[in-house]
Amino acid sequence: MTLRKNLAAGFVLTLLAGAVATVSAPSAAVAAQAVSVPSAALDADDYTGLLNYKSTWYMFKKDNDYVVQDQVRSVGGYWARISLSNGYYQYVNLDGGGLGIDGAKTTSGAAAYVGTYSPTALNQMWSFPKTNVTTDTGWAMIKNVKSGLCLGISSGSTAAGAAVAQYACNAGAANQAWKMNDPN
């Protein structure tokens with residue numbers, strides 16, 4: 001059994017009216033962050049890591065809901081990408097909540113944050129412009145719909161625990177290149 005399946009053991013998907021699934025967990029800490037997502041079929045296999053090209057660390061939700069780069073060692077390191085009917089995407093963390101920008105800020109340097117999931121929050125919607133850092137498939141920038149800025153690692157750091165924040169999109173910046181990648 002993979003680490004992701006072990007971490008997700010006990011998670012339950014309950015179908016609700018309108019084909020909405022609720023992801024919840026038996027532990028009080030995680031159950032308090034139950035998230036409704038616009039997909040009828042999210043399960044543990046829909047979650048994977050988000051790998052940074054420059055640092056080779058994964059995007060990770062800390063206990064305080066801010067996002068850093070680190071190894072994938074718990075549910076905070078797993079993300080599901082949801083396709084929306086408007087052509088954009090959202091990321092849901094296995095620990096609960098939607099990936100957005102803290103306070104819906106539109107300024108460069110504003111931190112990536114996992115908050116209460118909202119299917120209509122522009123600061124939780126993303127597009128994927130091409131990166132020219134590598135010709136390998138699957139790598140792209142992650143651009144916030146509200147701010148028009150892209151996720152990158154603060155100061156281009158390669159250290160574990162460095163903050164993930166939004167900056168002016170730069171197709172040549174290795175710290176702004178991301179890929180969905182199973183860490184197992």
# chains A, B, ... in the order shown; residues from 1 in each chain; ligands from 1
>>> residues_around(residues="A:Ala163", least_positions_apart="3", cutoff="10 Å", atoms="only C-alpha atoms", output="list in words")
Met59, Phe60, Tyr66, Val67, Val68, Gln69, Asp70, Gly109, Ala110, Ala111, Ala112, Gly152, Ile153, Ser154, Ser155, Gly156, Ser157, Ala159, Ala160 and Gln166 of chain A
>>> select_by_dssp(residues="stretch 27-182 of chain A", states="strand (DSSP E or B)", output="PyMOL selection string")
chain A and resi 35-37+48-52+58-61+66-70+79-83+89-93+98-101+111-115+126-127+130+140+143-144+150-153+163-167+178-181
>>> residues_around(residues="A:Asn170", least_positions_apart="4", cutoff="9 Å", atoms="only C-alpha atoms", output="number ranges by chain")
A: 131, 141, 150, 174, 176
>>> residues_around(residues="A:Ala177", least_positions_apart="6", cutoff="10 Å", atoms="only C-alpha atoms", output="JSON, numbers by chain")
{"A": [51, 52, 53, 54, 55, 128, 129, 130, 131, 132, 133, 134, 138, 139, 140, 141, 142, 150, 151, 152, 153, 170, 171]}
>>> write_last_selection(atoms="N, CA and C atoms", output="compact mmCIF listing (two decimals), in the first residue's frame")
# COMPACT_ATOMS: atom_id res chain seq x y z
N LEU A 51 5.69 18.97 -7.23
CA LEU A 51 7.15 19.02 -7.17
C LEU A 51 7.67 20.32 -7.78
N ASN A 52 8.63 20.97 -7.10
CA ASN A 52 9.27 22.16 -7.64
C ASN A 52 10.52 21.75 -8.42
N TYR A 53 10.69 22.31 -9.61
CA TYR A 53 11.80 21.93 -10.48
C TYR A 53 13.16 22.29 -9.89
N LYS A 54 13.30 23.52 -9.38
CA LYS A 54 14.61 23.98 -8.90
C LYS A 54 15.05 23.25 -7.64
N SER A 55 14.16 23.18 -6.66
CA SER A 55 14.56 22.65 -5.36
C SER A 55 14.40 21.14 -5.23
N PHE A 128 -2.13 27.29 -16.03
CA PHE A 128 -0.80 26.68 -16.11
C PHE A 128 -0.02 27.13 -17.35
N PRO A 129 0.53 28.36 -17.31
CA PRO A 129 1.34 28.81 -18.45
C PRO A 129 2.59 27.93 -18.59
N LYS A 130 3.08 27.87 -19.82
CA LYS A 130 4.28 27.08 -20.09
C LYS A 130 5.50 27.68 -19.41
N THR A 131 6.40 26.79 -19.03
CA THR A 131 7.71 27.19 -18.53
C THR A 131 8.72 26.82 -19.61
N ASN A 132 9.79 27.61 -19.74
CA ASN A 132 10.84 27.23 -20.70
C ASN A 132 12.11 26.78 -19.98
N VAL A 133 11.95 26.40 -18.71
CA VAL A 133 13.06 25.91 -17.89
C VAL A 133 13.52 24.53 -18.38
N THR A 134 12.58 23.72 -18.82
CA THR A 134 12.88 22.36 -19.25
C THR A 134 11.96 21.97 -20.40
N GLY A 138 5.10 17.91 -18.58
CA GLY A 138 4.45 17.98 -17.28
C GLY A 138 4.81 19.19 -16.45
N TRP A 139 5.87 19.90 -16.78
CA TRP A 139 6.29 21.07 -16.01
C TRP A 139 5.56 22.30 -16.50
N ALA A 140 5.08 23.12 -15.57
CA ALA A 140 4.39 24.37 -15.92
C ALA A 140 4.46 25.32 -14.74
N MET A 141 4.12 26.57 -15.01
CA MET A 141 3.96 27.53 -13.92
C MET A 141 2.53 27.37 -13.39
N ILE A 142 2.30 27.82 -12.17
CA ILE A 142 0.97 27.79 -11.57
C ILE A 142 0.57 29.24 -11.33
N CYS A 150 2.42 34.13 -10.38
CA CYS A 150 2.71 32.70 -10.37
C CYS A 150 3.37 32.26 -9.07
N LEU A 151 3.10 31.01 -8.68
CA LEU A 151 3.70 30.45 -7.47
C LEU A 151 5.18 30.16 -7.70
N GLY A 152 5.97 30.52 -6.71
CA GLY A 152 7.40 30.23 -6.73
C GLY A 152 7.90 30.08 -5.31
N ILE A 153 9.16 29.73 -5.19
CA ILE A 153 9.78 29.58 -3.88
C ILE A 153 10.47 30.90 -3.52
N ASN A 170 7.55 34.29 -14.59
CA ASN A 170 8.79 34.30 -15.34
C ASN A 170 9.03 32.89 -15.86
N ALA A 171 8.79 32.69 -17.14
CA ALA A 171 8.89 31.35 -17.74
C ALA A 171 10.29 30.77 -17.64
>>> residues_around(residues="A:Tyr88", least_positions_apart="3", cutoff="12 Å", atoms="only C-alpha atoms", output="NGL selection string")
:A and (81-85 or 91 or 119-129 or 142-146)
>>> residues_around(residues="stretch 46-49 of chain A", least_positions_apart="4", cutoff="7 Å", atoms="only C-alpha atoms", output="PyMOL selection string")
chain A and resi 42+58+77-80+94+180-183
>>> write_last_selection(atoms="C-alpha atoms", output="mmCIF file, in the first residue's frame")
data_model
loop_
_atom_site.group_PDB
_atom_site.id
_atom_site.type_symbol
_atom_site.label_atom_id
_atom_site.label_comp_id
_atom_site.auth_asym_id
_atom_site.auth_seq_id
_atom_site.Cartn_x
_atom_site.Cartn_y
_atom_site.Cartn_z
ATOM 1 C CA LEU A 42 -12.115 12.042 -5.432
ATOM 2 C CA TYR A 58 7.255 19.245 -2.756
ATOM 3 C CA GLY A 77 1.900 17.095 1.040
ATOM 4 C CA TYR A 78 -0.841 15.650 -1.176
ATOM 5 C CA TRP A 79 -2.989 17.620 -3.615
ATOM 6 C CA ALA A 80 -5.838 16.857 -6.012
ATOM 7 C CA LEU A 94 -5.722 15.918 1.349
ATOM 8 C CA MET A 180 2.300 16.883 -10.340
ATOM 9 C CA ASN A 181 4.420 13.934 -9.305
ATOM 10 C CA ASP A 182 3.749 10.893 -7.145
ATOM 11 C CA PRO A 183 6.395 11.056 -4.394
#
>>> closest_residue(among="A:Gln71, A:Gln90, A:Asn175, A:Ser108", to="A:Thr158", atoms="only C-alpha atoms")
A:Asn175
>>> atom_distance(atom1="atom CA of A:Val164", atom2="atom CA of A:Tyr117")
18.6 Å
>>> closest_residue(among="A:Ala162, A:Trp57, A:Trp178, A:Gly96", to="A:Asp136", atoms="only C-alpha atoms")
A:Trp178
>>> residues_around(residues="A:Thr107", least_positions_apart="4", cutoff="9 Å", atoms="only C-alpha atoms", output="JSON list (two decimals) with N, CA and C atoms, in the first residue's frame")
[["chain", "number", "residue", "atom", "x", "y", "z"],
["A", 147, "SER", "N", -4.76, 37.32, -9.07],
["A", 147, "SER", "CA", -3.61, 38.23, -9.06],
["A", 147, "SER", "C", -2.85, 38.28, -10.38],
["A", 149, "LEU", "N", -0.36, 36.44, -10.87],
["A", 149, "LEU", "CA", 1.01, 36.11, -10.48],
["A", 149, "LEU", "C", 1.17, 34.60, -10.35],
["A", 166, "GLN", "N", 3.53, 34.09, -4.29],
["A", 166, "GLN", "CA", 3.28, 34.48, -5.68],
["A", 166, "GLN", "C", 4.21, 35.62, -6.09],
["A", 167, "TYR", "N", 4.65, 35.54, -7.35],
["A", 167, "TYR", "CA", 5.57, 36.53, -7.92],
["A", 167, "TYR", "C", 5.20, 36.75, -9.37]]
>>> closest_residue(among="A:Gly172, A:Gly97, A:Gly148, A:Gly87", to="A:Gly115", atoms="only C-alpha atoms")
A:Gly97
>>> atom_distance(atom1="atom CA of A:Ile101", atom2="atom CA of A:Thr137")
26.4 Å
